[in-house]
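Dumped upload_35.tsv below, it's TSV, C-alpha atoms and all ligand atoms:
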chain	number	residue	atom	x	y	z
A	1085	MET	CA	10.58	14.96	22.11
A	1086	SER	CA	8.70	12.18	20.28
A	1087	LYS	CA	7.18	10.29	23.17
A	1088	ILE	CA	4.12	8.07	22.97
A	1089	SER	CA	2.33	10.38	25.42
A	1090	GLU	CA	2.03	13.01	22.68
A	1091	VAL	CA	-0.49	10.94	20.69
A	1092	SER	CA	-3.31	11.64	23.14
A	1093	ASN	CA	-4.50	14.65	21.17
A	1094	TRP	CA	-4.03	13.32	17.62
A	1095	LYS	CA	-7.07	13.52	15.38
A	1096	TYR	CA	-8.23	11.96	12.13
A	1097	SER	CA	-9.57	14.36	9.50
A	1098	LYS	CA	-12.68	12.72	8.02
A	1099	PHE	CA	-14.60	9.54	8.76
A	1100	LEU	CA	-17.25	7.89	6.60
A	1101	LYS	CA	-19.31	4.74	7.00
A	1102	ASN	CA	-19.81	2.72	3.82
A	1103	GLU	CA	-23.55	2.14	3.65
A	1104	LYS	CA	-23.03	-0.35	0.82
A	1105	ASN	CA	-20.77	-2.63	2.86
A	1106	ASN	CA	-21.73	-6.22	2.15
A	1107	PHE	CA	-18.56	-8.35	2.20
A	1108	ASN	CA	-19.03	-11.30	-0.12
A	1109	LYS	CA	-16.15	-13.76	-0.47
A	1110	ASN	CA	-17.40	-15.28	-3.70
A	1111	SER	CA	-17.88	-12.03	-5.57
A	1112	ILE	CA	-14.45	-10.78	-4.42
A	1113	LEU	CA	-12.80	-14.00	-5.59
A	1114	LYS	CA	-14.58	-13.69	-8.92
A	1115	ILE	CA	-12.69	-10.44	-9.49
A	1116	LEU	CA	-9.32	-11.64	-8.18
A	1117	PRO	CA	-9.61	-15.41	-8.47
A	1118	LYS	CA	-8.16	-17.91	-5.98
A	1119	LEU	CA	-6.11	-19.34	-8.85
A	1120	PHE	CA	-4.34	-15.98	-9.31
A	1121	ILE	CA	-3.77	-15.61	-5.58
A	1122	ASP	CA	-2.42	-19.14	-5.10
A	1123	GLU	CA	-0.18	-18.97	-8.18
A	1124	ALA	CA	1.36	-15.70	-6.93
A	1125	TYR	CA	2.25	-17.28	-3.60
A	1126	ASN	CA	3.64	-20.42	-5.27
A	1127	VAL	CA	5.87	-18.39	-7.57
A	1128	ILE	CA	7.03	-15.67	-5.16
A	1129	SER	CA	7.73	-18.03	-2.27
A	1130	ARG	CA	10.28	-19.76	-4.52
A	1131	TRP	CA	12.20	-16.59	-5.37
A	1132	ASN	CA	15.74	-16.30	-4.00
A	1133	ASN	CA	15.88	-14.81	-0.51
A	1134	TYR	CA	12.13	-15.05	-0.01
A	1135	PHE	CA	10.99	-15.05	3.58
A	1136	PRO	CA	7.82	-13.73	5.22
A	1137	THR	CA	8.28	-10.20	6.53
A	1138	PRO	CA	7.88	-9.81	10.30
A	1139	LEU	CA	4.53	-9.25	11.98
A	1140	ILE	CA	5.43	-7.03	14.90
A	1141	SER	CA	3.27	-6.44	17.94
A	1142	LEU	CA	2.95	-2.72	18.78
A	1143	LYS	CA	2.58	-3.61	22.45
A	1144	LYS	CA	3.19	-0.16	23.87
A	1145	LEU	CA	0.64	1.41	21.54
A	1146	SER	CA	-2.03	-1.23	22.22
A	1147	LYS	CA	-1.57	-0.59	25.94
A	1148	LYS	CA	-1.88	3.14	25.41
A	1149	LEU	CA	-5.05	2.79	23.29
A	1150	ASN	CA	-6.55	0.06	25.45
A	1151	LEU	CA	-6.73	-2.52	22.67
A	1152	ASN	CA	-5.80	-6.19	22.88
A	1153	GLN	CA	-3.27	-6.38	20.05
A	1154	ILE	CA	-1.93	-4.20	17.27
A	1155	PHE	CA	-0.12	-6.18	14.58
A	1156	TYR	CA	2.20	-4.28	12.26
A	1157	LYS	CA	3.29	-6.01	9.03
A	1158	ASP	CA	6.81	-4.71	8.49
A	1159	GLU	CA	7.38	-4.45	4.74
A	1160	SER	CA	10.64	-2.58	5.19
A	1161	LYS	CA	12.21	-6.04	5.08
A	1162	ARG	CA	10.75	-7.09	1.71
A	1163	PHE	CA	13.54	-8.42	-0.55
A	1164	ASN	CA	15.80	-5.50	0.25
A	1165	LEU	CA	13.46	-3.32	-1.83
A	1166	LYS	CA	12.01	-1.88	1.35
A	1167	SER	CA	8.33	-1.99	0.38
A	1168	PHE	CA	5.44	-4.37	-0.34
A	1169	LYS	CA	5.59	-3.17	-3.95
A	1170	ALA	CA	8.41	-5.71	-4.46
A	1171	LEU	CA	5.68	-8.35	-4.56
A	1172	GLY	CA	3.58	-6.79	-7.32
A	1173	GLY	CA	5.44	-5.30	-10.27
A	1174	ALA	CA	8.23	-7.88	-10.35
A	1175	TYR	CA	5.72	-10.72	-10.25
A	1176	ALA	CA	3.66	-9.20	-13.06
A	1177	VAL	CA	6.83	-8.84	-15.19
A	1178	GLU	CA	7.61	-12.54	-14.71
A	1179	LYS	CA	4.08	-13.71	-15.53
A	1180	ILE	CA	3.45	-11.44	-18.51
A	1181	THR	CA	6.78	-12.14	-20.24
A	1182	ASP	CA	6.58	-15.88	-19.57
A	1183	GLY	CA	10.23	-16.57	-20.44
A	1184	ASN	CA	10.39	-14.29	-23.50
A	1185	LYS	CA	13.68	-12.34	-23.18
A	1186	GLU	CA	13.00	-10.06	-26.17
A	1187	ILE	CA	10.21	-8.11	-24.52
A	1188	ILE	CA	11.02	-4.56	-23.36
A	1189	ILE	CA	9.20	-3.60	-20.19
A	1190	SER	CA	7.87	-0.11	-19.42
A	1191	THR	CA	6.03	1.53	-16.57
A	1192	ALA	CA	5.20	4.86	-14.90
A	1193	THR	CA	5.76	5.19	-11.20
A	1194	ALA	CA	5.85	7.32	-8.08
A	1195	GLY	CA	8.87	5.25	-7.03
A	1196	ASN	CA	8.28	1.92	-5.35
A	1197	HIS	CA	6.31	0.24	-8.13
A	1198	GLY	CA	9.02	1.18	-10.64
A	1199	ARG	CA	11.68	-0.16	-8.32
A	1200	SER	CA	9.86	-3.50	-8.28
A	1201	VAL	CA	9.43	-3.56	-12.06
A	1202	ALA	CA	13.10	-2.62	-12.60
A	1203	TRP	CA	14.25	-5.27	-10.12
A	1204	GLY	CA	12.02	-7.95	-11.66
A	1205	SER	CA	13.23	-7.04	-15.17
A	1206	LYS	CA	16.85	-7.21	-14.09
A	1207	ASN	CA	16.35	-10.60	-12.44
A	1208	LEU	CA	14.95	-11.90	-15.74
A	1209	GLY	CA	17.52	-10.14	-17.95
A	1210	LEU	CA	14.95	-7.80	-19.56
A	1211	ASN	CA	15.33	-4.19	-20.67
A	1212	CYS	CA	13.16	-1.74	-18.82
A	1213	LYS	CA	11.99	1.89	-19.32
A	1214	ILE	CA	10.65	3.81	-16.36
A	1215	PHE	CA	8.70	7.07	-16.58
A	1216	ILE	CA	8.66	9.38	-13.57
A	1217	SER	CA	7.09	12.77	-12.86
A	1218	LYS	CA	8.89	15.86	-11.67
A	1219	TYR	CA	7.84	15.01	-8.11
A	1220	VAL	CA	9.81	11.75	-7.89
A	1221	SER	CA	13.10	12.28	-6.06
A	1222	GLU	CA	16.45	11.79	-7.81
A	1223	ASN	CA	17.27	9.38	-5.03
A	1224	ARG	CA	14.40	7.10	-6.09
A	1225	ALA	CA	15.40	7.47	-9.76
A	1226	GLU	CA	18.97	6.44	-8.88
A	1227	VAL	CA	17.78	3.24	-7.20
A	1228	MET	CA	15.87	2.27	-10.36
A	1229	ARG	CA	18.92	3.02	-12.51
A	1230	SER	CA	20.95	0.80	-10.20
A	1231	PHE	CA	18.71	-2.07	-11.38
A	1232	GLY	CA	19.62	-1.28	-14.98
A	1233	ALA	CA	16.45	0.63	-15.93
A	1234	ASP	CA	16.38	3.66	-18.25
A	1235	VAL	CA	14.65	6.36	-16.23
A	1236	ILE	CA	12.77	8.99	-18.22
A	1237	ARG	CA	11.66	12.11	-16.39
A	1238	VAL	CA	8.46	13.77	-17.60
A	1239	ASP	CA	7.70	17.42	-16.91
A	1240	GLY	CA	4.38	17.04	-15.10
A	1241	ASN	CA	2.63	14.92	-12.49
A	1242	TYR	CA	2.12	11.16	-12.21
A	1243	GLU	CA	-0.71	11.17	-14.74
A	1244	ASP	CA	1.49	12.95	-17.28
A	1245	SER	CA	4.23	10.36	-16.74
A	1246	LEU	CA	1.71	7.57	-17.31
A	1247	ASN	CA	0.37	9.18	-20.49
A	1248	GLU	CA	3.91	9.55	-21.84
A	1249	CYS	CA	4.67	5.94	-20.92
A	1250	ILE	CA	1.58	4.76	-22.82
A	1251	ARG	CA	2.42	6.94	-25.84
A	1252	GLN	CA	6.04	5.79	-26.15
A	1253	SER	CA	5.17	2.16	-25.37
A	1254	LYS	CA	2.58	2.04	-28.16
A	1255	LYS	CA	5.06	3.59	-30.59
A	1256	ASN	CA	7.93	1.24	-29.67
A	1257	ASN	CA	5.95	-1.89	-28.88
A	1258	TRP	CA	7.02	-2.06	-25.24
A	1259	GLN	CA	5.07	-4.12	-22.72
A	1260	ILE	CA	3.55	-1.84	-20.08
A	1261	VAL	CA	3.55	-3.28	-16.56
A	1262	GLN	CA	1.30	-0.86	-14.70
A	1263	ASP	CA	-0.33	-1.22	-11.31
A	1264	VAL	CA	-3.42	0.72	-12.36
A	1265	ALA	CA	-6.17	-0.69	-14.54
A	1266	TRP	CA	-8.07	1.03	-17.32
A	1267	LYS	CA	-10.47	-0.15	-19.99
A	1268	ASP	CA	-8.78	-3.02	-21.89
A	1269	TYR	CA	-5.87	-3.08	-19.44
A	1270	ILE	CA	-6.91	-5.48	-16.72
A	1271	LEU	CA	-4.63	-8.51	-16.57
A	1272	VAL	CA	-1.38	-6.87	-15.39
A	1273	PRO	CA	-3.00	-4.92	-12.54
A	1274	LYS	CA	-4.68	-8.17	-11.43
A	1275	LEU	CA	-1.32	-9.97	-11.44
A	1276	THR	CA	0.18	-7.09	-9.45
A	1277	MET	CA	-2.58	-7.37	-6.87
A	1278	ALA	CA	-2.18	-11.15	-6.72
A	1279	GLY	CA	1.47	-10.51	-5.83
A	1280	TYR	CA	0.50	-8.14	-3.02
A	1281	SER	CA	-1.89	-10.73	-1.59
A	1282	VAL	CA	1.14	-12.77	-0.50
A	1283	MET	CA	1.21	-10.43	2.52
A	1284	MET	CA	-2.15	-11.75	3.67
A	1285	LYS	CA	-1.08	-15.38	3.21
A	1286	GLU	CA	1.88	-14.72	5.50
A	1287	ILE	CA	-0.23	-12.83	8.03
A	1288	SER	CA	-2.83	-15.63	8.13
A	1289	GLU	CA	-0.03	-17.98	9.24
A	1290	GLN	CA	1.66	-15.49	11.57
A	1291	ILE	CA	-1.47	-14.72	13.63
A	1292	LYS	CA	-1.99	-18.46	14.25
A	1293	ILE	CA	-5.35	-18.88	16.00
A	1294	GLN	CA	-5.88	-15.21	16.82
A	1295	LYS	CA	-8.66	-13.37	15.01
A	1296	ILE	CA	-8.15	-9.94	13.47
A	1297	SER	CA	-11.07	-7.68	14.38
A	1298	HIS	CA	-10.05	-4.60	12.37
A	1299	ILE	CA	-7.67	-3.98	9.49
A	1300	ILE	CA	-6.60	-0.54	8.36
A	1301	LEU	CA	-5.43	-0.40	4.75
A	1302	GLN	CA	-3.69	2.50	3.06
A	1303	ALA	CA	-4.91	3.47	-0.39
A	1304	GLY	CA	-3.41	5.34	-3.26
A	1305	VAL	CA	-5.22	3.94	-6.30
A	1306	GLY	CA	-6.49	1.13	-4.07
A	1307	GLY	CA	-4.49	-1.80	-5.47
A	1308	MET	CA	-2.86	-2.79	-2.21
A	1309	ALA	CA	-6.06	-2.39	-0.20
A	1310	ALA	CA	-8.10	-4.45	-2.66
A	1311	ALA	CA	-5.40	-7.12	-2.82
A	1312	MET	CA	-5.53	-7.44	0.96
A	1313	VAL	CA	-9.32	-7.65	0.87
A	1314	ALA	CA	-9.01	-10.46	-1.68
A	1315	GLY	CA	-6.43	-12.05	0.64
A	1316	ILE	CA	-8.94	-11.86	3.49
A	1317	ALA	CA	-11.53	-13.57	1.28
A	1318	ARG	CA	-9.03	-16.28	0.36
A	1319	TYR	CA	-7.25	-16.91	3.67
A	1320	LEU	CA	-9.29	-15.75	6.68
A	1321	ASP	CA	-12.35	-17.44	8.17
A	1322	HIS	CA	-13.23	-14.41	10.23
A	1323	VAL	CA	-13.83	-11.21	8.25
A	1324	PRO	CA	-12.49	-8.14	10.08
A	1325	GLN	CA	-13.91	-4.65	9.82
A	1326	ILE	CA	-12.04	-3.14	6.90
A	1327	ILE	CA	-11.03	0.51	7.15
A	1328	VAL	CA	-9.36	2.37	4.28
A	1329	VAL	CA	-7.11	5.29	5.13
A	1330	GLU	CA	-5.99	8.03	2.73
A	1331	PRO	CA	-4.24	11.39	2.93
A	1332	GLU	CA	-6.84	14.14	3.42
A	1333	SER	CA	-5.57	15.83	0.26
A	1334	ALA	CA	-6.05	12.72	-1.90
A	1335	ALA	CA	-9.11	10.93	-0.57
A	1336	CYS	CA	-10.36	9.46	-3.83
A	1337	VAL	CA	-11.66	6.23	-2.28
A	1338	LEU	CA	-13.64	8.15	0.34
A	1339	ALA	CA	-15.12	10.43	-2.35
A	1340	SER	CA	-16.05	7.41	-4.46
A	1341	ILE	CA	-17.65	5.53	-1.55
A	1342	LYS	CA	-19.59	8.66	-0.67
A	1343	ASN	CA	-20.95	9.08	-4.19
A	1344	GLU	CA	-21.23	5.34	-4.92
A	1345	LYS	CA	-19.19	5.63	-8.10
A	1346	ILE	CA	-15.59	6.33	-9.07
A	1347	GLU	CA	-14.91	10.00	-8.40
A	1348	LYS	CA	-11.84	11.74	-9.73
A	1349	ILE	CA	-10.62	14.35	-7.30
A	1350	LEU	CA	-8.35	17.30	-7.82
A	1351	ILE	CA	-5.19	17.13	-5.73
A	1352	GLU	CA	-4.44	20.68	-4.70
A	1353	LYS	CA	-1.45	19.85	-2.56
A	1354	GLU	CA	0.68	16.72	-2.91
A	1355	SER	CA	0.77	14.74	0.34
A	1356	ILE	CA	4.12	13.87	1.86
A	1357	MET	CA	2.82	10.29	1.62
A	1358	GLY	CA	3.77	10.37	-2.06
A	1359	GLY	CA	2.78	6.80	-2.96
A	1360	MET	CA	-0.74	7.53	-1.75
A	1361	SER	CA	-1.20	10.91	-3.39
A	1362	CYS	CA	-3.59	9.64	-6.08
A	1363	GLY	CA	-6.68	11.33	-7.48
A	1364	GLU	CA	-8.63	8.36	-8.80
A	1365	VAL	CA	-9.23	4.83	-7.58
A	1366	SER	CA	-8.32	2.15	-10.11
A	1367	LEU	CA	-11.07	0.12	-11.81
A	1368	ILE	CA	-10.42	-3.39	-10.47
A	1369	PRO	CA	-9.71	-2.29	-6.88
A	1370	TRP	CA	-12.92	-0.25	-6.95
A	1371	GLU	CA	-14.97	-3.30	-7.90
A	1372	ILE	CA	-13.59	-5.07	-4.82
A	1373	LEU	CA	-13.54	-2.17	-2.37
A	1374	LYS	CA	-16.97	-0.63	-3.02
A	1375	ASN	CA	-18.88	-3.39	-1.20
A	1376	SER	CA	-16.27	-4.71	1.17
A	1377	ILE	CA	-14.90	-1.80	3.15
A	1378	SER	CA	-16.69	-0.80	6.32
A	1379	TYR	CA	-15.27	2.69	6.81
A	1380	CYS	CA	-13.06	5.33	5.19
A	1381	VAL	CA	-10.88	7.67	7.18
A	1382	THR	CA	-8.46	10.41	6.18
A	1383	VAL	CA	-5.43	11.80	7.96
A	1384	SER	CA	-3.33	14.93	7.59
A	1385	ASP	CA	0.40	15.13	6.89
A	1386	GLU	CA	0.86	16.79	10.27
A	1387	TYR	CA	1.49	13.53	12.14
A	1388	VAL	CA	3.63	11.75	9.53
A	1389	SER	CA	7.11	12.76	10.70
A	1390	LYS	CA	6.06	12.36	14.34
A	1391	THR	CA	4.96	8.78	13.65
A	1392	VAL	CA	8.16	8.01	11.73
A	1393	LYS	CA	10.14	9.13	14.77
A	1394	LEU	CA	8.01	7.26	17.29
A	1395	LEU	CA	8.44	4.07	15.24
A	1396	ALA	CA	12.19	4.63	14.97
A	1397	ARG	CA	12.60	5.20	18.70
A	1398	GLY	CA	10.71	2.09	19.74
A	1399	GLU	CA	7.96	4.12	21.38
A	1400	PHE	CA	5.21	1.86	19.99
A	1401	SER	CA	6.90	-1.53	20.29
A	1402	SER	CA	9.78	-3.20	22.06
A	1403	GLU	CA	11.81	-3.02	18.83
A	1404	LYS	CA	12.75	-0.01	16.77
A	1405	ILE	CA	10.99	0.07	13.40
A	1406	VAL	CA	12.10	1.73	10.16
A	1407	GLY	CA	8.80	2.97	8.73
A	1408	GLY	CA	8.68	5.46	5.87
A	1409	GLU	CA	5.96	8.03	5.21
A	1410	CYS	CA	3.43	5.56	3.74
A	1411	SER	CA	3.78	3.30	6.77
A	1412	THR	CA	2.34	5.93	9.07
A	1413	PRO	CA	-1.32	6.55	8.09
A	1414	GLY	CA	-2.71	3.32	9.58
A	1415	ILE	CA	-1.16	4.19	12.92
A	1416	ILE	CA	-2.31	7.81	12.74
A	1417	ALA	CA	-5.85	6.75	11.80
A	1418	LEU	CA	-6.03	4.19	14.60
A	1419	ILE	CA	-4.87	6.71	17.18
A	1420	GLY	CA	-7.28	9.36	15.87
A	1421	LEU	CA	-10.23	6.93	15.88
A	1422	CYS	CA	-9.42	5.77	19.42
A	1423	ASN	CA	-9.18	9.37	20.63
A	1424	ASP	CA	-12.77	9.93	19.49
A	1425	LYS	CA	-14.75	8.03	22.13
A	1426	GLN	CA	-17.99	8.03	20.15
A	1427	ILE	CA	-16.39	6.60	17.01
A	1428	LYS	CA	-14.28	4.19	19.04
A	1429	ASP	CA	-17.47	2.72	20.48
A	1430	GLN	CA	-19.31	2.83	17.18
A	1431	ILE	CA	-16.71	0.73	15.42
A	1432	ASN	CA	-16.07	-1.56	18.40
A	1433	LEU	CA	-12.46	-0.71	19.07
A	1434	ASN	CA	-12.03	-2.02	22.61
A	1435	VAL	CA	-10.00	-4.27	24.93
A	1436	ASP	CA	-10.83	-7.32	22.80
A	1437	SER	CA	-9.74	-5.78	19.50
A	1438	ASN	CA	-6.87	-7.17	17.43
A	1439	VAL	CA	-5.99	-4.54	14.85
A	1440	LEU	CA	-3.84	-5.19	11.79
A	1441	LEU	CA	-1.81	-2.36	10.27
A	1442	ILE	CA	0.35	-2.49	7.18
A	1443	GLY	CA	3.82	-0.98	7.46
A	1444	CYS	CA	4.01	-0.58	3.70
A	1445	GLU	CA	7.56	0.68	3.40
A	1446	GLY	CA	10.80	1.31	5.19
A	1447	ASP	CA	13.25	4.05	4.24
A	1448	ALA	CA	12.54	3.50	0.54
A	1449	ASP	CA	13.42	7.15	-0.01
A	1450	GLU	CA	16.43	7.43	2.27
A	1451	ASN	CA	16.79	11.20	2.03
A	1452	LEU	CA	13.16	11.88	2.81
A	1453	TYR	CA	13.31	9.39	5.67
A	1454	GLN	CA	16.28	11.20	7.21
A	1455	GLU	CA	14.49	14.55	6.77
A	1456	LEU	CA	11.41	13.21	8.54
A	1457	LEU	CA	13.54	11.84	11.38
A	1458	LYS	CA	15.25	15.18	11.84
A	1459	LYS	CA	12.13	17.32	11.52
A	1460	ASN	CA	11.71	19.47	14.57
A	1461	ASP	CA	8.10	18.97	15.58
B	1	LIG	C1	4.83	3.12	-0.77
B	1	LIG	C2	3.42	3.03	-1.19
B	1	LIG	N1	3.08	3.31	-2.42
B	1	LIG	C3	1.79	3.23	-2.79
B	1	LIG	C4	0.80	2.87	-1.93
B	1	LIG	C5	-0.59	2.81	-2.42
B	1	LIG	O1	-0.86	1.62	-3.05
B	1	LIG	P1	-2.03	1.60	-4.12
B	1	LIG	O2	-1.74	2.68	-5.10
B	1	LIG	O3	-2.01	0.22	-4.67
B	1	LIG	O4	-3.28	1.90	-3.36
B	1	LIG	C6	1.14	2.58	-0.64
B	1	LIG	C7	0.18	2.22	0.32
B	1	LIG	O5	-0.92	2.55	0.32
B	1	LIG	C8	2.49	2.66	-0.26
B	1	LIG	O6	2.87	2.38	0.96
Written as structure tokens, how would this file's structure read?
Amino acid sequence: MSKISEVSNWKYSKFLKNEKNNFNKNSILKILPKLFIDEAYNVISRWNNYFPTPLISLKKLSKKLNLNQIFYKDESKRFNLKSFKALGGAYAVEKITDGNKEIIISTATAGNHGRSVAWGSKNLGLNCKIFISKYVSENRAEVMRSFGADVIRVDGNYEDSLNECIRQSKKNNWQIVQDVAWKDYILVPKLTMAGYSVMMKEISEQIKIQKISHIILQAGVGGMAAAMVAGIARYLDHVPQIIVVEPESAACVLASIKNEKIEKILIEKESIMGGMSCGEVSLIPWEILKNSISYCVTVSDEYVSKTVKLLARGEFSSEKIVGGECSTPGIIALIGLCNDKQIKDQINLNVDSNVLLIGCEGDADENLYQELLKKND
């Protein structure tokens, strides 16, 4: 069926208020400095075929939920790479190699980050080695090979692929371009986040004089969410309520906010939202997120294919939208929060609200996207 009317009984899974919320522009911009953010925009906006991705109004959904506006940043159009990740890895490759063509790049990836790193390496004529886990589809591997990367499959999960990447990179003197930070590995993840913040620069211009009241940000290891928070600190005068959404099976940000320190969680079942199926928030994002997010919410996989279909059929907006699995949780969370009258009131979601959602990816995994479209639910 896939009609907008079906969303009336959708639910979020968990909701948590961040008692430590104390948004502070200056401390955020100490962690991801304005200089980094501005440089990323200056560089990326000069790349071939750069244009801001569309900011679509989900008019039908805002009417249904009784909100003023729902903006949807459509990253399916990002440089033909079909996800916001195009902004991060490729930018970090360019900055870290600084014109040196001898450097061999390496990374571990769930898919989209590696695609960006492979694409950036190809554009600069650099060799590139990409490590993937057994969970990454052959389809995604093929796309990275099409950009000239050597793709190395590791028998294990994402963490195993990262460990193998680090081991081989140390041995062969390859330059790792990773989107997660660890002790002594800080600069590249910061550059990656600076690249992502270009989305907020574009949004700040696209909304013109309108004020965003709420922003819902997906998190895997938290890089994208923290980059957007830094973008808010850099570009917006009005600070919206910041809500982080995660799959219920991989809610590492929620667990960390709850316990006021980084918590590693055990993922018992991989979420269909593969890019967000992460067990531990990254160091730099955590430093930004811990005091700046207002709420955490989790959602189940149950509504993912339904949302993909509703987007594709133009049930939320006047246009049809290609949104992959990781584009759905913001929509699902918003619907779930609005369906809970008490929470809706508590967080001031009402007729005056302008909500920003990030449509992180299009059909980046074409096979999975087709499966989700065809799923009979
Ligand atoms: C495709 C994709 N990968 C990964 C992520 C997670 O990004 P990060 O790991 O920086 O939190 C997202 C969004 O949350 C996404 O849409």
*How far is it from CA of Ser1200 in chain A to CA of Ser1160 in chain A, in Å with one decimal?*
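Going from CA of Ser1200 in chain A over to CA of Ser1160 in chain A, I get 13.5 Å.
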*Would you mind reading off the distance between CA of Lys1285 in chain A and CA of Lys1144 in chain A, one decimal, in Å?*
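These atoms are spaced 26.0 Å apart.
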*asked:* With distances taken over only C-alpha atoms and all ligand atoms, which residue among A:Arg1162, A:Lys1095, A:Lys1213, A:Lys1169 lies nearest ligand LIG 1 (chain B)?
replied: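 Of A:Arg1162, A:Lys1095, A:Lys1213, A:Lys1169, the one nearest ligand LIG 1 (chain B) is A:Lys1169, counting only C-alpha atoms and all ligand atoms.
Atom O6 of ligand LIG 1 (chain B) to CA of Val1264 in chain A spans 14.8 Å [interatomic distance, one decimal].
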Could you list, as an mmCIF file with C-alpha atoms, keeping the file's coordinate frame, all residues that come within 8 Å of ligand LIG 1 (chain B)? Count only C-alpha atoms and all ligand atoms.
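Output saved as result.cif:
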data_model
loop_
_atom_site.group_PDB
_atom_site.id
_atom_site.type_symbol
_atom_site.label_atom_id
_atom_site.label_comp_id
_atom_site.auth_asym_id
_atom_site.auth_seq_id
_atom_site.Cartn_x
_atom_site.Cartn_y
_atom_site.Cartn_z
ATOM 1 C CA SER A 1167 8.330 -1.990 0.380
ATOM 2 C CA PHE A 1168 5.440 -4.370 -0.340
ATOM 3 C CA LYS A 1169 5.590 -3.170 -3.950
ATOM 4 C CA ALA A 1194 5.850 7.320 -8.080
ATOM 5 C CA GLY A 1195 8.870 5.250 -7.030
ATOM 6 C CA ASN A 1196 8.280 1.920 -5.350
ATOM 7 C CA HIS A 1197 6.310 0.240 -8.130
ATOM 8 C CA ASP A 1263 -0.330 -1.220 -11.310
ATOM 9 C CA VAL A 1264 -3.420 0.720 -12.360
ATOM 10 C CA MET A 1277 -2.580 -7.370 -6.870
ATOM 11 C CA LEU A 1301 -5.430 -0.400 4.750
ATOM 12 C CA GLN A 1302 -3.690 2.500 3.060
ATOM 13 C CA ALA A 1303 -4.910 3.470 -0.390
ATOM 14 C CA GLY A 1304 -3.410 5.340 -3.260
ATOM 15 C CA VAL A 1305 -5.220 3.940 -6.300
ATOM 16 C CA GLY A 1306 -6.490 1.130 -4.070
ATOM 17 C CA GLY A 1307 -4.490 -1.800 -5.470
ATOM 18 C CA MET A 1308 -2.860 -2.790 -2.210
ATOM 19 C CA ALA A 1309 -6.060 -2.390 -0.200
ATOM 20 C CA ALA A 1310 -8.100 -4.450 -2.660
ATOM 21 C CA GLU A 1330 -5.990 8.030 2.730
ATOM 22 C CA MET A 1357 2.820 10.290 1.620
ATOM 23 C CA GLY A 1358 3.770 10.370 -2.060
ATOM 24 C CA GLY A 1359 2.780 6.800 -2.960
ATOM 25 C CA MET A 1360 -0.740 7.530 -1.750
ATOM 26 C CA CYS A 1362 -3.590 9.640 -6.080
ATOM 27 C CA VAL A 1365 -9.230 4.830 -7.580
ATOM 28 C CA GLU A 1409 5.960 8.030 5.210
ATOM 29 C CA CYS A 1410 3.430 5.560 3.740
ATOM 30 C CA SER A 1411 3.780 3.300 6.770
ATOM 31 C CA GLY A 1443 3.820 -0.980 7.460
ATOM 32 C CA CYS A 1444 4.010 -0.580 3.700
ATOM 33 C CA GLU A 1445 7.560 0.680 3.400
ATOM 34 C CA ALA A 1448 12.540 3.500 0.540
#
_Using only C-alpha atoms, can you tell me which of A:Leu1275, A:Ile1270, A:Ala1176, A:Ala1335 comes closest to Leu1119 in chain A?_
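Distance minimum relative to Leu1119 in chain A lands on A:Leu1275.
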*Within 9 Å of Lys1390 in chain A, counting only C-alpha atoms, which residues show up once you throw out same-chain ones fewer than 2 positions away? Write them as a VMD selection string, please.*
chain A and resid 1086 1386 to 1388 1392 to 1395 1456 to 1457 1459 1461
Only C-alpha atoms, please: the residues just picked out, written as a PDB file, keeping the file's coordinate frame.
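Result file is result-v7.pdb:
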ATOM      1  CA  SER A1086       8.700  12.180  20.280  1.00  0.00           C
ATOM      2  CA  GLU A1386       0.860  16.790  10.270  1.00  0.00           C
ATOM      3  CA  TYR A1387       1.490  13.530  12.140  1.00  0.00           C
ATOM      4  CA  VAL A1388       3.630  11.750   9.530  1.00  0.00           C
ATOM      5  CA  VAL A1392       8.160   8.010  11.730  1.00  0.00           C
ATOM      6  CA  LYS A1393      10.140   9.130  14.770  1.00  0.00           C
ATOM      7  CA  LEU A1394       8.010   7.260  17.290  1.00  0.00           C
ATOM      8  CA  LEU A1395       8.440   4.070  15.240  1.00  0.00           C
ATOM      9  CA  LEU A1456      11.410  13.210   8.540  1.00  0.00           C
ATOM     10  CA  LEU A1457      13.540  11.840  11.380  1.00  0.00           C
ATOM     11  CA  LYS A1459      12.130  17.320  11.520  1.00  0.00           C
ATOM     12  CA  ASP A1461       8.100  18.970  15.580  1.00  0.00           C
TER      13      ASP A1461
END
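Closest approach to Thr1412 in chain A among A:Asn1164, A:Ile1187, A:Val1127, A:Asp1158 is made by A:Asp1158 (distances from only C-alpha atoms).
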